[in-house]
$ cat my_file-v7.pdb   # PDB, C-alpha atoms
ATOM      1  CA  MET A  25     -19.683  -4.613 -32.211
ATOM      2  CA  ALA A  26     -18.591  -4.753 -28.582
ATOM      3  CA  VAL A  27     -21.207  -3.429 -26.183
ATOM      4  CA  ALA A  28     -20.553   0.189 -25.207
ATOM      5  CA  GLU A  29     -20.495   0.575 -21.424
ATOM      6  CA  VAL A  30     -20.760   4.389 -21.585
ATOM      7  CA  VAL A  31     -23.108   5.878 -24.195
ATOM      8  CA  VAL A  32     -23.237   9.636 -24.712
ATOM      9  CA  VAL A  33     -26.074  11.362 -26.537
ATOM     10  CA  GLY A  34     -25.024  14.915 -27.205
ATOM     11  CA  SER A  35     -23.125  17.598 -29.007
ATOM     12  CA  CYS A  36     -19.986  17.994 -31.101
ATOM     13  CA  MET A  37     -18.539  21.469 -31.618
ATOM     14  CA  THR A  38     -15.441  22.776 -33.286
ATOM     15  CA  ASP A  39     -13.779  25.177 -30.841
ATOM     16  CA  LEU A  40     -12.276  28.350 -32.311
ATOM     17  CA  VAL A  41     -10.060  29.578 -29.494
ATOM     18  CA  SER A  42      -8.347  32.955 -29.050
ATOM     19  CA  LEU A  43      -5.970  33.541 -26.123
ATOM     20  CA  THR A  44      -5.849  37.172 -24.926
ATOM     21  CA  ARG A  45      -4.394  39.015 -21.927
ATOM     22  CA  ARG A  46      -7.857  40.274 -20.998
ATOM     23  CA  LEU A  47     -11.401  39.875 -22.289
ATOM     24  CA  PRO A  48     -12.548  42.672 -24.669
ATOM     25  CA  LYS A  49     -15.189  45.250 -23.713
ATOM     26  CA  PRO A  50     -18.261  45.643 -25.974
ATOM     27  CA  GLY A  51     -17.256  47.254 -29.277
ATOM     28  CA  GLU A  52     -13.552  46.914 -28.533
ATOM     29  CA  THR A  53     -10.985  45.174 -30.736
ATOM     30  CA  ILE A  54      -7.941  43.798 -28.921
ATOM     31  CA  HIS A  55      -4.889  41.816 -30.010
ATOM     32  CA  GLY A  56      -4.710  38.181 -28.919
ATOM     33  CA  GLN A  57      -1.511  36.172 -28.535
ATOM     34  CA  LYS A  58      -2.614  32.880 -30.026
ATOM     35  CA  PHE A  59      -5.393  31.221 -32.038
ATOM     36  CA  PHE A  60      -6.109  27.516 -32.483
ATOM     37  CA  THR A  61      -9.001  25.225 -33.328
ATOM     38  CA  GLY A  62      -9.907  22.256 -31.199
ATOM     39  CA  TYR A  63     -12.559  19.628 -30.686
ATOM     40  CA  GLY A  64     -15.332  20.432 -28.228
ATOM     41  CA  GLY A  65     -19.039  20.170 -27.529
ATOM     42  CA  LYS A  66     -20.089  18.937 -24.113
ATOM     43  CA  GLY A  67     -21.280  15.515 -25.287
ATOM     44  CA  ALA A  68     -18.196  14.668 -27.327
ATOM     45  CA  ASN A  69     -15.904  16.039 -24.605
ATOM     46  CA  GLN A  70     -17.491  13.786 -21.991
ATOM     47  CA  CYS A  71     -17.283  10.787 -24.312
ATOM     48  CA  VAL A  72     -13.610  11.447 -25.154
ATOM     49  CA  GLN A  73     -12.642  11.751 -21.480
ATOM     50  CA  ALA A  74     -14.422   8.486 -20.617
ATOM     51  CA  ALA A  75     -12.736   6.780 -23.608
ATOM     52  CA  ARG A  76      -9.275   8.048 -22.634
ATOM     53  CA  LEU A  77      -9.741   6.503 -19.187
ATOM     54  CA  GLY A  78     -10.427   3.148 -20.855
ATOM     55  CA  ALA A  79     -14.217   3.077 -21.229
ATOM     56  CA  LYS A  80     -15.805   1.322 -24.201
ATOM     57  CA  THR A  81     -17.970   4.170 -25.464
ATOM     58  CA  SER A  82     -20.489   5.042 -28.150
ATOM     59  CA  MET A  83     -21.342   8.585 -29.275
ATOM     60  CA  ILE A  84     -24.753   9.457 -30.717
ATOM     61  CA  CYS A  85     -24.515  12.861 -32.377
ATOM     62  CA  LYS A  86     -24.705  14.855 -35.609
ATOM     63  CA  VAL A  87     -22.115  16.903 -37.469
ATOM     64  CA  GLY A  88     -22.266  18.748 -40.798
ATOM     65  CA  LYS A  89     -21.051  17.535 -44.187
ATOM     66  CA  ASP A  90     -18.260  20.112 -44.012
ATOM     67  CA  SER A  91     -14.544  20.096 -43.268
ATOM     68  CA  PHE A  92     -15.185  20.490 -39.515
ATOM     69  CA  GLY A  93     -17.551  17.501 -39.627
ATOM     70  CA  TYR A  94     -15.117  15.217 -41.473
ATOM     71  CA  ASP A  95     -12.318  16.294 -39.110
ATOM     72  CA  TYR A  96     -14.528  15.492 -36.127
ATOM     73  CA  ILE A  97     -15.200  11.964 -37.381
ATOM     74  CA  GLU A  98     -11.418  11.434 -37.654
ATOM     75  CA  ASN A  99     -11.051  12.767 -34.101
ATOM     76  CA  PHE A 100     -13.525  10.166 -32.792
ATOM     77  CA  LYS A 101     -11.594   7.408 -34.562
ATOM     78  CA  LYS A 102      -8.314   8.620 -33.052
ATOM     79  CA  ASN A 103      -9.902   8.429 -29.596
ATOM     80  CA  GLY A 104     -11.211   4.899 -30.191
ATOM     81  CA  ILE A 105     -14.855   6.018 -30.248
ATOM     82  CA  PRO A 106     -17.104   4.118 -32.726
ATOM     83  CA  ILE A 107     -18.687   6.375 -35.373
ATOM     84  CA  GLU A 108     -21.652   4.125 -36.159
ATOM     85  CA  PHE A 109     -24.098   6.731 -34.771
ATOM     86  CA  VAL A 110     -22.292   9.909 -35.823
ATOM     87  CA  GLY A 111     -24.719  11.318 -38.422
ATOM     88  CA  GLN A 112     -23.829  13.932 -41.022
ATOM     89  CA  ALA A 113     -26.450  16.563 -41.805
ATOM     90  CA  GLU A 114     -26.674  17.916 -45.372
ATOM     91  CA  ASP A 115     -28.348  21.170 -44.422
ATOM     92  CA  ALA A 116     -26.531  22.473 -41.340
ATOM     93  CA  ALA A 117     -22.950  23.230 -40.387
ATOM     94  CA  THR A 118     -21.038  21.366 -37.697
ATOM     95  CA  GLY A 119     -21.609  23.137 -34.375
ATOM     96  CA  ALA A 120     -19.028  25.789 -33.531
ATOM     97  CA  ALA A 121     -17.909  27.498 -30.330
ATOM     98  CA  SER A 122     -16.026  30.798 -30.364
ATOM     99  CA  ILE A 123     -13.965  30.903 -27.171
ATOM    100  CA  ILE A 124     -11.889  33.762 -25.768
ATOM    101  CA  VAL A 125      -9.604  32.900 -22.832
ATOM    102  CA  ASN A 126      -7.802  35.557 -20.775
ATOM    103  CA  GLY A 127      -4.529  35.401 -18.848
ATOM    104  CA  GLU A 128      -6.277  34.058 -15.713
ATOM    105  CA  GLY A 129      -7.887  31.192 -17.627
ATOM    106  CA  GLN A 130     -11.381  32.751 -17.506
ATOM    107  CA  ASN A 131     -13.419  32.476 -20.696
ATOM    108  CA  PHE A 132     -16.210  33.906 -22.869
ATOM    109  CA  ILE A 133     -17.956  31.320 -25.068
ATOM    110  CA  VAL A 134     -20.525  31.740 -27.873
ATOM    111  CA  ILE A 135     -21.910  28.504 -29.326
ATOM    112  CA  VAL A 136     -23.778  28.008 -32.595
ATOM    113  CA  ALA A 137     -25.355  24.563 -32.340
ATOM    114  CA  GLY A 138     -25.843  23.948 -36.095
ATOM    115  CA  ALA A 139     -26.124  20.232 -36.937
ATOM    116  CA  ASN A 140     -26.445  19.357 -33.237
ATOM    117  CA  LEU A 141     -30.064  20.554 -33.341
ATOM    118  CA  LEU A 142     -30.865  18.083 -36.147
ATOM    119  CA  LEU A 143     -30.194  15.052 -33.944
ATOM    120  CA  ASP A 144     -33.671  13.554 -33.613
ATOM    121  CA  ILE A 145     -35.735  10.752 -32.084
ATOM    122  CA  GLY A 146     -35.154   8.627 -35.212
ATOM    123  CA  ASP A 147     -31.407   8.731 -34.530
ATOM    124  CA  LEU A 148     -32.076   7.496 -30.986
ATOM    125  CA  LYS A 149     -34.311   4.675 -32.219
ATOM    126  CA  ARG A 150     -31.550   3.487 -34.568
ATOM    127  CA  ALA A 151     -29.190   3.380 -31.585
ATOM    128  CA  ALA A 152     -31.738   1.942 -29.121
ATOM    129  CA  HIS A 153     -29.950  -1.426 -28.814
ATOM    130  CA  VAL A 154     -26.737   0.375 -27.786
ATOM    131  CA  ILE A 155     -28.448   2.781 -25.378
ATOM    132  CA  THR A 156     -30.389   0.079 -23.546
ATOM    133  CA  ARG A 157     -27.387  -2.264 -23.167
ATOM    134  CA  ALA A 158     -25.025   0.350 -21.719
ATOM    135  CA  LYS A 159     -24.083   0.640 -18.046
ATOM    136  CA  VAL A 160     -24.291   4.464 -18.078
ATOM    137  CA  MET A 161     -25.928   6.950 -20.440
ATOM    138  CA  VAL A 162     -24.895  10.605 -20.414
ATOM    139  CA  CYS A 163     -26.898  13.600 -21.754
ATOM    140  CA  GLN A 164     -26.599  17.394 -21.778
ATOM    141  CA  LEU A 165     -28.596  20.281 -23.313
ATOM    142  CA  GLU A 166     -26.562  21.279 -26.384
ATOM    143  CA  VAL A 167     -28.909  19.189 -28.556
ATOM    144  CA  THR A 168     -32.702  19.690 -28.679
ATOM    145  CA  PRO A 169     -33.936  19.150 -25.083
ATOM    146  CA  SER A 170     -36.731  16.788 -26.159
ATOM    147  CA  VAL A 171     -34.094  14.496 -27.737
ATOM    148  CA  SER A 172     -32.038  14.437 -24.526
ATOM    149  CA  LEU A 173     -35.189  13.711 -22.527
ATOM    150  CA  GLU A 174     -36.167  10.836 -24.842
ATOM    151  CA  ALA A 175     -32.639   9.378 -24.513
ATOM    152  CA  LEU A 176     -32.862   9.553 -20.703
ATOM    153  CA  LYS A 177     -36.274   7.851 -20.806
ATOM    154  CA  MET A 178     -35.024   5.045 -23.085
ATOM    155  CA  ALA A 179     -32.011   4.397 -20.886
ATOM    156  CA  HIS A 180     -33.796   4.738 -17.539
ATOM    157  CA  THR A 181     -36.651   2.474 -18.634
ATOM    158  CA  GLY A 182     -34.063  -0.079 -19.770
ATOM    159  CA  GLY A 183     -32.414  -0.087 -16.344
ATOM    160  CA  VAL A 184     -29.372   1.917 -17.470
ATOM    161  CA  LYS A 185     -27.894   4.433 -15.003
ATOM    162  CA  THR A 186     -28.558   7.955 -16.298
ATOM    163  CA  LEU A 187     -26.170  10.872 -15.764
ATOM    164  CA  PHE A 188     -27.618  14.230 -16.811
ATOM    165  CA  ASN A 189     -25.545  17.408 -17.126
ATOM    166  CA  PRO A 190     -28.113  20.231 -17.576
ATOM    167  CA  ALA A 191     -25.773  22.476 -19.528
ATOM    168  CA  PRO A 192     -26.340  25.037 -20.859
ATOM    169  CA  ALA A 193     -29.093  25.299 -18.222
ATOM    170  CA  LEU A 194     -32.719  26.195 -18.985
ATOM    171  CA  THR A 195     -35.014  27.994 -16.533
ATOM    172  CA  ASP A 196     -38.061  26.096 -17.848
ATOM    173  CA  LEU A 197     -36.579  22.594 -17.852
ATOM    174  CA  ASP A 198     -39.207  19.858 -18.326
ATOM    175  CA  PRO A 199     -39.772  18.321 -14.849
ATOM    176  CA  GLN A 200     -39.420  14.817 -16.350
ATOM    177  CA  PHE A 201     -35.683  15.459 -16.708
ATOM    178  CA  TYR A 202     -35.398  15.070 -12.938
ATOM    179  CA  THR A 203     -37.400  11.877 -12.656
ATOM    180  CA  TYR A 204     -35.463  10.140 -15.451
ATOM    181  CA  SER A 205     -32.038  11.202 -14.144
ATOM    182  CA  ASP A 206     -30.308   9.010 -11.572
ATOM    183  CA  ILE A 207     -27.588  11.630 -11.174
ATOM    184  CA  ILE A 208     -27.781  15.300 -12.100
ATOM    185  CA  CYS A 209     -24.450  17.106 -12.273
ATOM    186  CA  CYS A 210     -24.359  20.892 -12.717
ATOM    187  CA  ASN A 211     -21.975  23.775 -11.982
ATOM    188  CA  GLU A 212     -22.679  26.906  -9.901
ATOM    189  CA  SER A 213     -24.204  29.015 -12.694
ATOM    190  CA  GLU A 214     -26.364  26.133 -13.963
ATOM    191  CA  ALA A 215     -27.465  25.440 -10.380
ATOM    192  CA  GLU A 216     -28.660  29.037  -9.998
ATOM    193  CA  ILE A 217     -30.563  29.005 -13.326
ATOM    194  CA  LEU A 218     -32.301  25.730 -12.383
ATOM    195  CA  THR A 219     -33.182  26.552  -8.774
ATOM    196  CA  GLY A 220     -32.839  30.315  -8.309
ATOM    197  CA  ILE A 221     -30.330  29.675  -5.506
ATOM    198  CA  ALA A 222     -27.064  31.615  -5.954
ATOM    199  CA  VAL A 223     -24.071  29.382  -5.167
ATOM    200  CA  GLY A 224     -21.192  31.090  -3.382
ATOM    201  CA  ASN A 225     -19.998  28.247  -1.159
ATOM    202  CA  PRO A 226     -20.497  24.520  -0.419
ATOM    203  CA  GLU A 227     -23.479  25.245   1.883
ATOM    204  CA  ASP A 228     -25.359  26.948  -0.969
ATOM    205  CA  ALA A 229     -24.479  24.022  -3.238
ATOM    206  CA  GLY A 230     -25.977  21.653  -0.656
ATOM    207  CA  ARG A 231     -29.218  23.659  -0.697
ATOM    208  CA  VAL A 232     -29.305  23.391  -4.502
ATOM    209  CA  GLY A 233     -28.726  19.637  -4.260
ATOM    210  CA  LEU A 234     -31.652  19.187  -1.884
ATOM    211  CA  ALA A 235     -33.883  21.312  -4.161
ATOM    212  CA  LEU A 236     -32.959  19.078  -7.139
ATOM    213  CA  LEU A 237     -33.724  15.913  -5.129
ATOM    214  CA  GLU A 238     -37.173  17.309  -4.321
ATOM    215  CA  ARG A 239     -37.786  17.459  -8.077
ATOM    216  CA  GLY A 240     -37.224  13.729  -8.403
ATOM    217  CA  CYS A 241     -33.596  12.856  -9.142
ATOM    218  CA  LYS A 242     -31.805  10.317  -6.906
ATOM    219  CA  THR A 243     -28.460  12.088  -6.583
ATOM    220  CA  ALA A 244     -27.365  15.686  -7.217
ATOM    221  CA  VAL A 245     -23.772  16.823  -7.703
ATOM    222  CA  VAL A 246     -22.890  20.525  -7.832
ATOM    223  CA  THR A 247     -19.377  21.244  -9.086
ATOM    224  CA  LEU A 248     -17.557  24.212  -7.568
ATOM    225  CA  GLY A 249     -14.484  24.615  -9.783
ATOM    226  CA  PRO A 250     -11.376  24.826  -7.585
ATOM    227  CA  GLU A 251     -13.485  23.963  -4.496
ATOM    228  CA  GLY A 252     -14.324  20.475  -5.799
ATOM    229  CA  CYS A 253     -17.990  19.487  -5.577
ATOM    230  CA  VAL A 254     -20.919  18.861  -3.250
ATOM    231  CA  VAL A 255     -23.053  15.720  -3.431
ATOM    232  CA  VAL A 256     -26.384  14.858  -1.857
ATOM    233  CA  SER A 257     -28.562  11.794  -2.471
ATOM    234  CA  THR A 258     -31.929  10.404  -1.455
ATOM    235  CA  LYS A 259     -30.116   7.665   0.503
ATOM    236  CA  GLU A 260     -28.627  10.235   2.848
ATOM    237  CA  LEU A 261     -30.108  13.712   2.800
ATOM    238  CA  ILE A 262     -26.945  15.317   4.161
ATOM    239  CA  PRO A 263     -24.896  17.251   1.581
ATOM    240  CA  LYS A 264     -21.217  16.274   1.541
ATOM    241  CA  HIS A 265     -18.421  18.511   0.299
ATOM    242  CA  VAL A 266     -15.753  16.639  -1.689
ATOM    243  CA  PRO A 267     -12.801  19.062  -1.964
ATOM    244  CA  THR A 268     -10.042  18.844  -4.543
ATOM    245  CA  LYS A 269      -6.355  19.697  -4.543
ATOM    246  CA  LYS A 270      -5.348  23.255  -5.405
ATOM    247  CA  VAL A 271      -3.627  23.705  -8.767
ATOM    248  CA  THR A 272      -2.747  26.688 -10.962
ATOM    249  CA  ALA A 273      -5.348  26.803 -13.731
ATOM    250  CA  VAL A 274      -4.107  27.593 -17.232
ATOM    251  CA  ASP A 275      -7.452  27.097 -19.030
ATOM    252  CA  THR A 276     -10.639  25.898 -17.350
ATOM    253  CA  THR A 277     -12.490  25.251 -20.666
ATOM    254  CA  GLY A 278     -13.902  21.727 -20.614
ATOM    255  CA  ALA A 279     -13.033  20.972 -16.984
ATOM    256  CA  GLY A 280     -16.670  20.243 -16.174
ATOM    257  CA  ASP A 281     -16.839  17.828 -19.110
ATOM    258  CA  SER A 282     -13.652  16.090 -17.998
ATOM    259  CA  PHE A 283     -15.324  15.655 -14.584
ATOM    260  CA  VAL A 284     -18.592  14.283 -16.040
ATOM    261  CA  GLY A 285     -16.738  11.935 -18.423
ATOM    262  CA  ALA A 286     -14.599  10.632 -15.570
ATOM    263  CA  LEU A 287     -17.652  10.152 -13.347
ATOM    264  CA  ALA A 288     -19.402   8.193 -16.136
ATOM    265  CA  PHE A 289     -16.305   5.985 -16.439
ATOM    266  CA  TYR A 290     -16.269   5.189 -12.691
ATOM    267  CA  LEU A 291     -20.036   4.572 -12.575
ATOM    268  CA  ALA A 292     -19.704   2.061 -15.425
ATOM    269  CA  TYR A 293     -16.506   0.274 -14.419
ATOM    270  CA  TYR A 294     -16.370   0.587 -10.611
ATOM    271  CA  PRO A 295     -20.042   0.494  -9.588
ATOM    272  CA  ALA A 296     -19.155  -0.839  -6.121
ATOM    273  CA  LEU A 297     -16.981   2.212  -5.322
ATOM    274  CA  PRO A 298     -18.644   4.683  -2.906
ATOM    275  CA  LEU A 299     -19.920   7.700  -4.860
ATOM    276  CA  GLU A 300     -17.757  10.092  -2.812
ATOM    277  CA  GLU A 301     -14.684   8.123  -3.862
ATOM    278  CA  MET A 302     -15.748   8.325  -7.525
ATOM    279  CA  LEU A 303     -16.186  12.082  -7.146
ATOM    280  CA  ARG A 304     -12.751  12.455  -5.522
ATOM    281  CA  LYS A 305     -11.182  10.660  -8.479
ATOM    282  CA  ALA A 306     -13.237  12.656 -11.020
ATOM    283  CA  ASN A 307     -12.172  15.887  -9.249
ATOM    284  CA  PHE A 308      -8.536  14.839  -9.580
ATOM    285  CA  ILE A 309      -8.872  14.112 -13.303
ATOM    286  CA  ALA A 310     -10.578  17.481 -13.893
ATOM    287  CA  THR A 311      -7.723  19.284 -12.065
ATOM    288  CA  ILE A 312      -5.276  17.699 -14.536
ATOM    289  CA  SER A 313      -7.322  19.118 -17.436
ATOM    290  CA  VAL A 314      -7.188  22.744 -16.227
ATOM    291  CA  GLN A 315      -3.383  22.683 -16.220
ATOM    292  CA  ALA A 316      -3.173  22.608 -20.057
ATOM    293  CA  THR A 317      -4.792  24.728 -22.788
ATOM    294  CA  GLY A 318      -7.598  23.622 -25.032
ATOM    295  CA  THR A 319     -10.550  21.392 -24.325
ATOM    296  CA  GLN A 320     -10.064  17.748 -25.335
ATOM    297  CA  SER A 321      -6.358  18.429 -25.890
ATOM    298  CA  SER A 322      -6.084  18.926 -22.107
ATOM    299  CA  PHE A 323      -7.902  15.684 -21.155
ATOM    300  CA  PRO A 324      -5.575  13.077 -19.629
ATOM    301  CA  TYR A 325      -5.127   9.478 -20.795
ATOM    302  CA  ARG A 326      -5.213   6.532 -18.405
ATOM    303  CA  LYS A 327      -1.518   5.731 -19.021
ATOM    304  CA  ASP A 328      -0.502   9.230 -17.835
ATOM    305  CA  LEU A 329      -2.456   9.131 -14.583
ATOM    306  CA  PRO A 330      -1.539   7.700 -11.163
ATOM    307  CA  GLN A 331      -2.512   4.036 -11.288
ATOM    308  CA  ASP A 332      -4.254   4.175  -7.881
ATOM    309  CA  LEU A 333      -7.120   5.911  -9.718
ATOM    310  CA  PHE A 334      -7.948   2.555 -11.343
TER     311      PHE A 334
END
$ encode --input "my_file-v7.pdb" --output "structure tokens"
Amino acid sequence: MAVAEVVVVGSCMTDLVSLTRRLPKPGETIHGQKFFTGYGGKGANQCVQAARLGAKTSMICKVGKDSFGYDYIENFKKNGIPIEFVGQAEDAATGAASIIVNGEGQNFIVIVAGANLLLDIGDLKRAAHVITRAKVMVCQLEVTPSVSLEALKMAHTGGVKTLFNPAPALTDLDPQFYTYSDIICCNESEAEILTGIAVGNPEDAGRVGLALLERGCKTAVVTLGPEGCVVVSTKELIPKHVPTKKVTAVDTTGAGDSFVGALAFYLAYYPALPLEEMLRKANFIATISVQATGTQSSFPYRKDLPQDLF
């Protein structure tokens, strides 16, 4: 098997998406305009976006032995992602996310992790040769946190660049997550849960970044939706705002994952590129994703993007 340059340890979810004019109030039933299912889960999303940009990837995850699980395996194959480490659990359903999106593209999401929580250290050990030979390893928090932490340790100890997306964020995150993460990438709400600092503008995001560096990571990136992102690293303790072009968002679901997947791709394939340049390109790719509905269905392919990104 060809060596995977980008390895993702994380979640797969089936998205059950309802489009409505507005979000319902508690106890209220409203009519939606459209329903569809899609492929989601932060880990798989990030892996699919990296693969669509041309990365050789590997996904380490668990789905159920149910129709959603079999469909997900087919989805990985379609995206050119090897399924060697996609386990199927007998005793849990494939993870599912119920998503409601309103007319402005804002969303409510409820996730039931299911089989994702059965991914264990044994699964990582079986994939150790792939993890330790990668250029970049990506983790999130939709699988059991101790499994993500072990994956970061394995990769970091093996000299692999680690990219950690602490989502969904935990207030009591194990401090080792910071020391084993070369780059931590979080959005405004995750930033506030992790640090207690509310993020309303790039200055606040810079303060969050510095707080994360103090906890031991080398580089912190805080994404700001339509405002782009802010980056700060131990090399240069001055936060930098990397803005992005304004677009009309149709559906922001998965935009953060598109960004993380794109960043992983650039870290693996263009390591000499300045980080700010990588972030500018990742911003651009994420803005493409918000202009179409669905999660992975909105992620662009390399052939459809301006070639100066590569």
$ closest_residue --input "my_file-v7.pdb" --among "A:Gly146, A:Pro199, A:Gly56, A:Pro324" --to "A:Ala175" --atoms "only C-alpha atoms"
A:Gly146
$ resolve_selection --input "my_file-v7.pdb" --expression "the PyMOL selection byres ((chain A and resi 35) around 8)" --output "MDAnalysis selection string"
chainID A and resid 33:34 36:37 65:68 85:86 119 140 166:167
$ closest_residue --input "my_file-v7.pdb" --among "A:Val284, A:Val245, A:Ala121, A:Ile54" --to "A:Cys163" --atoms "all atoms listed in the file"
A:Val284
$ atom_distance --input "my_file-v7.pdb" --atom1 "atom CA of A:Val134" --atom2 "atom CA of A:Ser321"
19.5 Å
$ resolve_selection --input "my_file-v7.pdb" --expression "the PyMOL selection byres ((chain A and resi 192) around 6)" --output "PyMOL selection string"
chain A and resi 165+191+193
$ resolve_selection --input "my_file-v7.pdb" --expression "the PyMOL selection byres ((chain A and resi 179-188) around 10)" --output "number ranges by chain"
A: 29-32, 152, 154-165, 172-178, 189-191, 201-210, 241, 243-244, 284-285, 287-288, 291-292
$ atom_distance --input "my_file-v7.pdb" --atom1 "atom CA of A:Leu329" --atom2 "atom CA of A:Pro267"
19.1 Å
$ closest_residue --input "my_file-v7.pdb" --among "A:Leu141, A:Asp198, A:Gly278, A:Ile105" --to "A:Gly318" --atoms "only C-alpha atoms"
A:Gly278
$ atom_distance --input "my_file-v7.pdb" --atom1 "atom CA of A:Asp328" --atom2 "atom CA of A:Asp39"
24.5 Å
$ residues_around --input "my_file-v7.pdb" --residues "A:Phe308" --least-positions-apart "3" --cutoff "12 Å" --atoms "only C-alpha atoms" --output "ChimeraX atom specification"
/A:249-253,266-271,279-280,282-284,286-287,301-305,311-315,323-324,329-330,332-333
$ residues_around --input "my_file-v7.pdb" --residues "A:Gly224" --least-positions-apart "5" --cutoff "12 Å" --atoms "all atoms listed in the file" --output "list in words"
Asn211, Glu212, Ser213, Ala215, Glu216, Ala229, Gly230, Arg231, Val232, Val246, Thr247, Leu248, Gly249 and Glu251 of chain A
$ residues_around --input "my_file-v7.pdb" --residues "A:Val110" --least-positions-apart "6" --cutoff "10 Å" --atoms "all atoms listed in the file" --output "PDB file with C-alpha atoms, keeping the file's coordinate frame"
ATOM      1  CA  CYS A  36     -19.986  17.994 -31.101  1.00  0.00           C
ATOM      2  CA  SER A  82     -20.489   5.042 -28.150  1.00  0.00           C
ATOM      3  CA  MET A  83     -21.342   8.585 -29.275  1.00  0.00           C
ATOM      4  CA  ILE A  84     -24.753   9.457 -30.717  1.00  0.00           C
ATOM      5  CA  CYS A  85     -24.515  12.861 -32.377  1.00  0.00           C
ATOM      6  CA  LYS A  86     -24.705  14.855 -35.609  1.00  0.00           C
ATOM      7  CA  VAL A  87     -22.115  16.903 -37.469  1.00  0.00           C
ATOM      8  CA  GLY A  93     -17.551  17.501 -39.627  1.00  0.00           C
ATOM      9  CA  TYR A  96     -14.528  15.492 -36.127  1.00  0.00           C
ATOM     10  CA  ILE A  97     -15.200  11.964 -37.381  1.00  0.00           C
ATOM     11  CA  PHE A 100     -13.525  10.166 -32.792  1.00  0.00           C
ATOM     12  CA  LEU A 143     -30.194  15.052 -33.944  1.00  0.00           C
ATOM     13  CA  ASP A 147     -31.407   8.731 -34.530  1.00  0.00           C
TER      14      ASP A 147
END
$ closest_residue --input "my_file-v7.pdb" --among "A:Glu52, A:Asp115, A:Glu128, A:Asp95" --to "A:Thr272" --atoms "all atoms listed in the file"
A:Glu128
$ axis_aligned_box --input "my_file-v7.pdb" --around "stretch 147-153 of chain A" --padding-each-side "8 Å" --output "lines of an AutoDock Vina configuration file"
center_x = -31.8
center_y = 3.7
center_z = -31.7
size_x = 21.1
size_y = 26.2
size_z = 21.8
